[in-house]
>>> print(open('query_3.txt').read())   # compact mmCIF, C-alpha atoms
# COMPACT_ATOMS: atom_id res chain seq x y z
CA MET A 292 -41.40 -6.00 25.36
CA VAL A 293 -43.08 -2.86 26.67
CA HIS A 294 -43.29 -0.88 23.42
CA SER A 295 -42.26 -1.28 19.80
CA TYR A 296 -41.36 1.86 17.84
CA PRO A 297 -40.52 2.47 14.16
CA HIS A 298 -36.82 2.65 13.28
CA ASP A 299 -35.13 3.51 9.98
CA PRO A 300 -34.42 0.11 8.33
CA HIS A 301 -31.51 1.69 6.44
CA ALA A 302 -29.74 2.88 9.61
CA PHE A 303 -26.60 0.84 10.28
CA THR A 304 -26.81 1.47 14.01
CA GLN A 305 -23.44 1.66 15.75
CA GLY A 306 -24.30 3.70 18.83
CA LEU A 307 -27.47 4.70 20.65
CA VAL A 308 -27.93 7.03 23.62
CA TYR A 309 -30.85 8.69 25.42
CA ALA A 310 -30.12 12.12 26.91
CA ASN A 311 -32.50 14.70 28.40
CA GLY A 312 -35.58 13.48 26.58
CA HIS A 313 -33.93 12.86 23.22
CA LEU A 314 -32.70 9.74 21.45
CA TYR A 315 -29.42 10.04 19.56
CA GLU A 316 -27.94 7.55 17.11
CA SER A 317 -24.61 7.00 15.38
CA THR A 318 -24.87 5.14 12.08
CA GLY A 319 -21.98 3.50 10.29
CA LEU A 320 -20.71 2.29 6.91
CA GLN A 321 -18.15 4.11 4.81
CA GLY A 322 -19.78 7.03 3.03
CA HIS A 323 -23.08 6.60 4.88
CA SER A 324 -22.15 7.38 8.49
CA SER A 325 -24.10 10.01 10.38
CA LEU A 326 -25.07 11.52 13.71
CA ARG A 327 -28.83 11.71 14.27
CA MET A 328 -31.46 12.85 16.72
CA LEU A 329 -34.62 10.73 16.52
CA ASP A 330 -38.24 11.12 17.47
CA LEU A 331 -38.85 8.07 19.64
CA GLU A 332 -42.56 7.68 18.86
CA THR A 333 -42.31 7.86 15.07
CA GLY A 334 -38.67 6.98 14.36
CA ARG A 335 -38.41 10.16 12.30
CA VAL A 336 -34.98 11.75 12.00
CA LEU A 337 -35.32 15.23 13.51
CA GLN A 338 -31.72 16.31 13.03
CA GLU A 339 -28.87 14.74 11.07
CA LEU A 340 -25.22 15.45 10.42
CA PRO A 341 -23.40 13.38 7.78
CA VAL A 342 -19.97 12.19 8.87
CA PRO A 343 -17.22 12.82 6.25
CA SER A 344 -17.10 9.93 3.80
CA GLN A 345 -13.61 8.76 4.78
CA TYR A 346 -14.89 7.76 8.24
CA PHE A 347 -16.86 4.73 9.44
CA ALA A 348 -18.74 5.96 12.53
CA GLU A 349 -19.05 3.75 15.60
CA GLY A 350 -20.06 4.14 19.28
CA LEU A 351 -21.73 7.22 20.76
CA ALA A 352 -21.91 8.71 24.25
CA ALA A 353 -23.38 11.86 25.80
CA TRP A 354 -21.23 13.96 28.12
CA GLY A 355 -22.91 17.06 29.51
CA SER A 356 -23.93 19.23 26.59
CA MET A 357 -21.73 17.24 24.21
CA LEU A 358 -21.96 14.10 22.11
CA ILE A 359 -18.83 12.05 21.46
CA GLN A 360 -18.74 9.75 18.43
CA LEU A 361 -16.08 7.14 17.69
CA THR A 362 -14.80 6.01 14.31
CA TRP A 363 -13.77 2.46 13.52
CA LYS A 364 -10.20 2.55 12.16
CA ALA A 365 -9.38 6.26 11.89
CA HIS A 366 -8.29 6.62 15.56
CA THR A 367 -10.49 9.72 15.76
CA ALA A 368 -13.43 10.72 17.95
CA PHE A 369 -15.64 13.67 17.08
CA VAL A 370 -16.94 15.94 19.83
CA TYR A 371 -20.16 17.79 19.01
CA ASP A 372 -22.43 20.31 20.66
CA ARG A 373 -25.46 18.17 21.49
CA PHE A 374 -27.97 20.86 20.54
CA SER A 375 -26.60 22.21 17.26
CA PHE A 376 -24.46 19.19 16.17
CA ARG A 377 -21.64 21.66 15.61
CA GLU A 378 -18.27 19.94 15.69
CA LEU A 379 -16.27 21.29 18.63
CA ARG A 380 -13.05 19.31 18.28
CA THR A 381 -11.57 15.87 17.69
CA LEU A 382 -9.81 13.45 20.02
CA SER A 383 -7.29 10.73 19.14
CA TYR A 384 -6.95 7.20 20.45
CA GLU A 385 -5.08 4.00 19.66
CA GLY A 386 -6.68 0.88 18.24
CA GLU A 387 -10.11 0.43 16.75
CA GLY A 388 -13.17 2.28 18.03
CA TRP A 389 -16.18 0.06 18.79
CA GLY A 390 -18.41 0.99 21.73
CA LEU A 391 -18.58 4.05 23.97
CA ALA A 392 -20.51 4.86 27.14
CA ALA A 393 -20.31 7.30 30.06
CA ASP A 394 -20.57 6.64 33.80
CA GLY A 395 -20.63 10.24 35.04
CA LYS A 396 -16.93 10.24 35.88
CA SER A 397 -15.30 8.85 32.75
CA LEU A 398 -15.92 7.49 29.29
CA ILE A 399 -15.90 3.73 28.79
CA PHE A 400 -14.27 2.67 25.53
CA ARG A 401 -14.31 -0.64 23.64
CA ASP A 402 -12.02 -1.81 20.86
CA GLY A 403 -13.38 -5.31 20.17
CA THR A 404 -11.10 -7.09 22.64
CA ALA A 405 -12.07 -8.26 26.11
CA GLN A 406 -10.87 -5.03 27.69
CA LEU A 407 -12.76 -1.89 28.65
CA TRP A 408 -10.85 1.36 28.98
CA PHE A 409 -11.99 4.15 31.31
CA LEU A 410 -10.91 7.44 29.72
CA ASP A 411 -10.71 11.07 30.72
CA PRO A 412 -13.50 12.74 28.68
CA ALA A 413 -11.41 15.87 28.07
CA THR A 414 -8.24 14.18 26.82
CA PHE A 415 -9.09 10.51 26.13
CA HIS A 416 -6.16 9.58 28.36
CA GLU A 417 -6.51 6.22 30.08
CA LEU A 418 -7.54 6.29 33.74
CA ARG A 419 -7.84 2.54 34.24
CA ARG A 420 -8.91 -0.62 32.45
CA ILE A 421 -10.69 -3.89 33.20
CA THR A 422 -10.92 -7.23 31.41
CA VAL A 423 -14.41 -8.61 30.88
CA LYS A 424 -14.59 -12.25 31.97
CA ASP A 425 -17.37 -14.80 32.32
CA HIS A 426 -16.42 -17.57 34.77
CA GLY A 427 -12.79 -16.61 34.30
CA ARG A 428 -12.82 -16.64 30.49
CA PRO A 429 -12.34 -13.39 28.52
CA VAL A 430 -15.39 -12.19 26.58
CA THR A 431 -14.43 -10.63 23.25
CA GLU A 432 -16.33 -8.78 20.52
CA LEU A 433 -18.37 -6.73 22.97
CA ASN A 434 -19.79 -3.91 20.90
CA GLU A 435 -22.38 -1.28 21.88
CA LEU A 436 -22.13 -0.14 25.52
CA GLU A 437 -24.50 1.52 27.98
CA MET A 438 -24.46 2.24 31.72
CA VAL A 439 -27.65 0.87 33.30
CA ARG A 440 -28.29 1.08 37.05
CA GLY A 441 -24.58 1.01 37.87
CA GLU A 442 -23.73 -1.83 35.48
CA ILE A 443 -22.22 -1.83 32.01
CA TYR A 444 -24.51 -3.43 29.43
CA ALA A 445 -22.61 -4.67 26.38
CA ASN A 446 -23.98 -6.62 23.44
CA VAL A 447 -21.86 -9.33 21.84
CA TRP A 448 -21.39 -8.77 18.12
CA HIS A 449 -23.34 -11.21 15.91
CA SER A 450 -25.33 -12.53 18.86
CA ASP A 451 -28.67 -11.78 20.52
CA ARG A 452 -27.14 -11.47 23.99
CA ILE A 453 -26.21 -8.56 26.21
CA ALA A 454 -23.67 -9.00 29.00
CA ARG A 455 -24.18 -7.27 32.35
CA VAL A 456 -20.67 -6.30 33.42
CA SER A 457 -19.31 -5.07 36.75
CA PRO A 458 -17.54 -1.74 36.15
CA VAL A 459 -15.24 -2.52 39.09
CA SER A 460 -14.02 -6.03 38.31
CA GLY A 461 -15.08 -6.73 34.72
CA LYS A 462 -16.94 -9.83 35.87
CA VAL A 463 -20.03 -10.76 33.85
CA LEU A 464 -22.88 -10.57 36.35
CA GLY A 465 -25.44 -12.12 34.02
CA TRP A 466 -26.65 -12.40 30.45
CA ILE A 467 -29.75 -10.88 28.85
CA ASP A 468 -31.21 -13.12 26.13
CA LEU A 469 -32.95 -11.22 23.32
CA THR A 470 -33.56 -14.23 21.11
CA GLY A 471 -36.75 -13.74 19.10
CA LEU A 472 -37.05 -10.02 19.68
CA MET A 473 -36.25 -9.39 16.02
CA PRO A 474 -36.70 -12.80 14.31
CA ARG A 475 -33.90 -13.68 11.90
CA ALA A 476 -36.43 -14.30 9.16
CA GLU A 477 -37.28 -10.58 9.30
CA ARG A 478 -33.68 -9.42 9.02
CA THR A 479 -32.78 -8.28 5.54
CA ASP A 480 -29.00 -8.64 5.80
CA PRO A 481 -26.47 -10.94 7.55
CA GLU A 482 -25.16 -7.83 9.33
CA ALA A 483 -28.62 -6.88 10.66
CA VAL A 484 -27.53 -7.75 14.19
CA LEU A 485 -28.36 -6.46 17.64
CA ASN A 486 -26.33 -3.28 18.18
CA GLY A 487 -28.06 -0.48 20.05
CA ILE A 488 -28.65 0.03 23.78
CA ALA A 489 -29.97 3.25 25.37
CA TYR A 490 -31.19 3.90 28.90
CA ASP A 491 -33.55 6.62 30.10
CA ALA A 492 -32.45 6.85 33.73
CA ALA A 493 -35.10 9.43 34.68
CA HIS A 494 -37.94 7.04 33.79
CA ASP A 495 -36.10 3.71 34.09
CA ARG A 496 -36.66 2.80 30.43
CA LEU A 497 -34.35 0.52 28.47
CA PHE A 498 -34.28 0.64 24.65
CA VAL A 499 -32.62 -1.72 22.17
CA THR A 500 -32.38 -1.97 18.40
CA GLY A 501 -30.01 -3.31 15.77
CA LYS A 502 -28.26 -2.55 12.53
CA LEU A 503 -30.84 -2.24 9.74
CA TRP A 504 -33.68 -3.14 12.11
CA PRO A 505 -37.10 -1.66 11.23
CA ARG A 506 -38.08 -1.53 14.92
CA LEU A 507 -36.70 -0.11 18.16
CA PHE A 508 -37.92 -1.76 21.35
CA GLU A 509 -38.47 -0.68 24.93
CA ILE A 510 -37.88 -3.79 27.04
CA LYS A 511 -38.13 -4.85 30.65
CA ILE A 512 -35.80 -7.52 31.97
CA VAL A 513 -37.27 -10.54 33.80
CA ARG A 514 -35.34 -13.39 35.36
CA GLY A 515 -35.90 -16.85 33.96
CA GLY A 516 -34.42 -19.83 32.19
CA GLY A 517 -31.51 -20.46 34.52
CA LYS A 518 -28.95 -18.99 36.84
CA GLY A 519 -27.65 -15.67 35.56
CA LEU A 520 -29.91 -15.76 32.51
CA GLN A 521 -32.52 -13.06 31.95
CA ARG A 522 -34.95 -13.17 29.07
CA VAL A 523 -37.08 -10.70 27.19
CA SER A 524 -40.41 -11.96 25.91
CA ALA A 525 -41.13 -11.21 22.26
CA LYS A 526 -44.82 -10.67 23.11
CA PRO A 527 -45.57 -6.95 23.55
CA THR A 528 -47.58 -5.61 26.46
CA ALA A 529 -48.22 -2.42 24.49
CA GLN A 530 -47.72 -1.38 20.88
>>> encode(input="query_3.txt", output="structure tokens")
Amino acid sequence: MVHSYPHDPHAFTQGLVYANGHLYESTGLQGHSSLRMLDLETGRVLQELPVPSQYFAEGLAAWGSMLIQLTWKAHTAFVYDRFSFRELRTLSYEGEGWGLAADGKSLIFRDGTAQLWFLDPATFHELRRITVKDHGRPVTELNELEMVRGEIYANVWHSDRIARVSPVSGKVLGWIDLTGLMPRAERTDPEAVLNGIAYDAAHDRLFVTGKLWPRLFEIKIVRGGGKGLQRVSAKPTAQ
């Protein structure tokens, strides 16, 4: 752990993204979903837009000057101006919306299965798809997504692990073990699970948090424990 920052313990984090010096968050739950811009150092919400109560917000990605936010079962994505949070339009898709990320050429979409869809950002039309596999076995319930140094990072729902996935083949290149980062004894709810990954490419900083977590962490990955396994120490080097 490099740094530990305050995070709203009432935020049901569904998506997290860092873009041009700002941290953005999508929070879920029916009637409580929102789009937020956060102050990293204090965790304070600088800007917030409530999502209409009929929607359960999910993954979030930045695309140019826009933010794109999924919903869980409504087959609808909201496209916002990143600066004003003004809704620009909506996009439709099939299946459930879980995680969303961007690779500079396309959006990467997750629906809870072992597949990742690469979508045209303007239309949400499918460009291609891959199946995520670890030693030949499909990996399901991948949730929050982020592109990190050319790889797709995806956390597994209800676990403390993040899969490093090849965007070409879908092969799991390794696992990041976050056990102990937020001890289970300090989690106030069974659904207070790991579910937020953001990457600051300009400064090579990786951030993680979870649903209803009171802290957001900057972490640095170190190899250890076994082949393909990378761990994050719960001992901070700075606070």
>>> closest_residue(input="query_3.txt", among="A:Arg506, A:Arg401, A:His301, A:Arg377", to="Val447 (chain A)", atoms="only C-alpha atoms")
A:Arg401
>>> atom_distance(input="query_3.txt", atom1="CA of Phe508 (chain A)", atom2="CA of Thr333 (chain A)")
12.3 Å
>>> atom_distance(input="query_3.txt", atom1="CA of Phe498 (chain A)", atom2="CA of Trp389 (chain A)")
19.0 Å
>>> residues_around(input="query_3.txt", residues="Glu332 (chain A)", least_positions_apart="5", cutoff="12 Å", atoms="all atoms listed in the file", output="list of chain:residue names")
A:His294, A:Ser295, A:Tyr296, A:Pro297, A:His298, A:Gly312, A:His313, A:Leu314, A:Leu337, A:Arg506, A:Leu507, A:Phe508, A:Glu509, A:Gln530
>>> closest_residue(input="query_3.txt", among="A:Pro481, A:Gly350, A:Pro474, A:Gly355", to="Leu433 (chain A)", atoms="only C-alpha atoms")
A:Gly350
>>> atom_distance(input="query_3.txt", atom1="CA of Asp425 (chain A)", atom2="CA of Ile453 (chain A)")
12.4 Å
>>> decode(input="query_3.txt", residues="region 390-408 of chain A", atoms="N, CA, C and O atoms", output="short mmCIF file (atom, residue, chain, number, x, y, z; two decimals), in the first residue's frame")
data_model
loop_
_atom_site.label_atom_id
_atom_site.label_comp_id
_atom_site.auth_asym_id
_atom_site.auth_seq_id
_atom_site.Cartn_x
_atom_site.Cartn_y
_atom_site.Cartn_z
N GLY A 390 -19.36 -4.37 -15.73
CA GLY A 390 -18.16 -3.53 -15.76
C GLY A 390 -17.96 -2.88 -17.11
O GLY A 390 -18.45 -3.35 -18.14
N LEU A 391 -17.21 -1.76 -17.10
CA LEU A 391 -16.93 -1.02 -18.33
C LEU A 391 -15.55 -0.39 -18.23
O LEU A 391 -15.17 0.13 -17.18
N ALA A 392 -14.79 -0.46 -19.32
CA ALA A 392 -13.47 0.16 -19.39
C ALA A 392 -13.25 0.63 -20.82
O ALA A 392 -14.04 0.33 -21.72
N ALA A 393 -12.15 1.36 -21.03
CA ALA A 393 -11.83 1.87 -22.37
C ALA A 393 -10.36 1.59 -22.65
O ALA A 393 -9.51 1.72 -21.76
N ASP A 394 -10.05 1.21 -23.90
CA ASP A 394 -8.67 0.92 -24.27
C ASP A 394 -8.10 1.90 -25.29
O ASP A 394 -7.03 1.68 -25.83
N GLY A 395 -8.82 3.01 -25.53
CA GLY A 395 -8.38 3.99 -26.51
C GLY A 395 -8.94 3.78 -27.89
O GLY A 395 -8.99 4.70 -28.71
N LYS A 396 -9.39 2.56 -28.17
CA LYS A 396 -9.99 2.24 -29.47
C LYS A 396 -11.43 1.81 -29.33
O LYS A 396 -12.23 1.99 -30.25
N SER A 397 -11.77 1.22 -28.21
CA SER A 397 -13.11 0.68 -28.00
C SER A 397 -13.43 0.67 -26.51
O SER A 397 -12.57 0.88 -25.66
N LEU A 398 -14.70 0.41 -26.22
CA LEU A 398 -15.13 0.19 -24.85
C LEU A 398 -15.14 -1.31 -24.59
O LEU A 398 -15.43 -2.10 -25.49
N ILE A 399 -14.81 -1.70 -23.37
CA ILE A 399 -14.79 -3.10 -22.98
C ILE A 399 -15.91 -3.31 -21.98
O ILE A 399 -15.94 -2.66 -20.93
N PHE A 400 -16.81 -4.21 -22.28
CA PHE A 400 -18.08 -4.36 -21.57
C PHE A 400 -18.17 -5.74 -20.94
O PHE A 400 -17.78 -6.74 -21.53
N ARG A 401 -18.69 -5.78 -19.72
CA ARG A 401 -18.86 -7.04 -18.98
C ARG A 401 -20.31 -7.20 -18.58
O ARG A 401 -20.97 -6.25 -18.19
N ASP A 402 -20.79 -8.46 -18.64
CA ASP A 402 -22.17 -8.74 -18.25
C ASP A 402 -22.28 -9.81 -17.17
O ASP A 402 -23.37 -10.33 -16.91
N GLY A 403 -21.16 -10.16 -16.52
CA GLY A 403 -21.19 -11.16 -15.46
C GLY A 403 -20.82 -12.54 -15.93
O GLY A 403 -20.59 -13.43 -15.11
N THR A 404 -20.77 -12.77 -17.23
CA THR A 404 -20.34 -14.05 -17.77
C THR A 404 -18.82 -14.03 -17.92
O THR A 404 -18.14 -13.10 -17.49
N ALA A 405 -18.29 -15.04 -18.60
CA ALA A 405 -16.84 -15.10 -18.82
C ALA A 405 -16.41 -14.32 -20.05
O ALA A 405 -15.22 -14.32 -20.38
N GLN A 406 -17.34 -13.67 -20.71
CA GLN A 406 -17.00 -12.97 -21.95
C GLN A 406 -16.81 -11.47 -21.74
O GLN A 406 -17.44 -10.85 -20.88
N LEU A 407 -15.91 -10.90 -22.53
CA LEU A 407 -15.72 -9.46 -22.61
C LEU A 407 -16.05 -9.03 -24.02
O LEU A 407 -15.55 -9.60 -25.00
N TRP A 408 -16.89 -8.01 -24.14
CA TRP A 408 -17.26 -7.46 -25.44
C TRP A 408 -16.47 -6.17 -25.69
O TRP A 408 -16.38 -5.33 -24.80
#
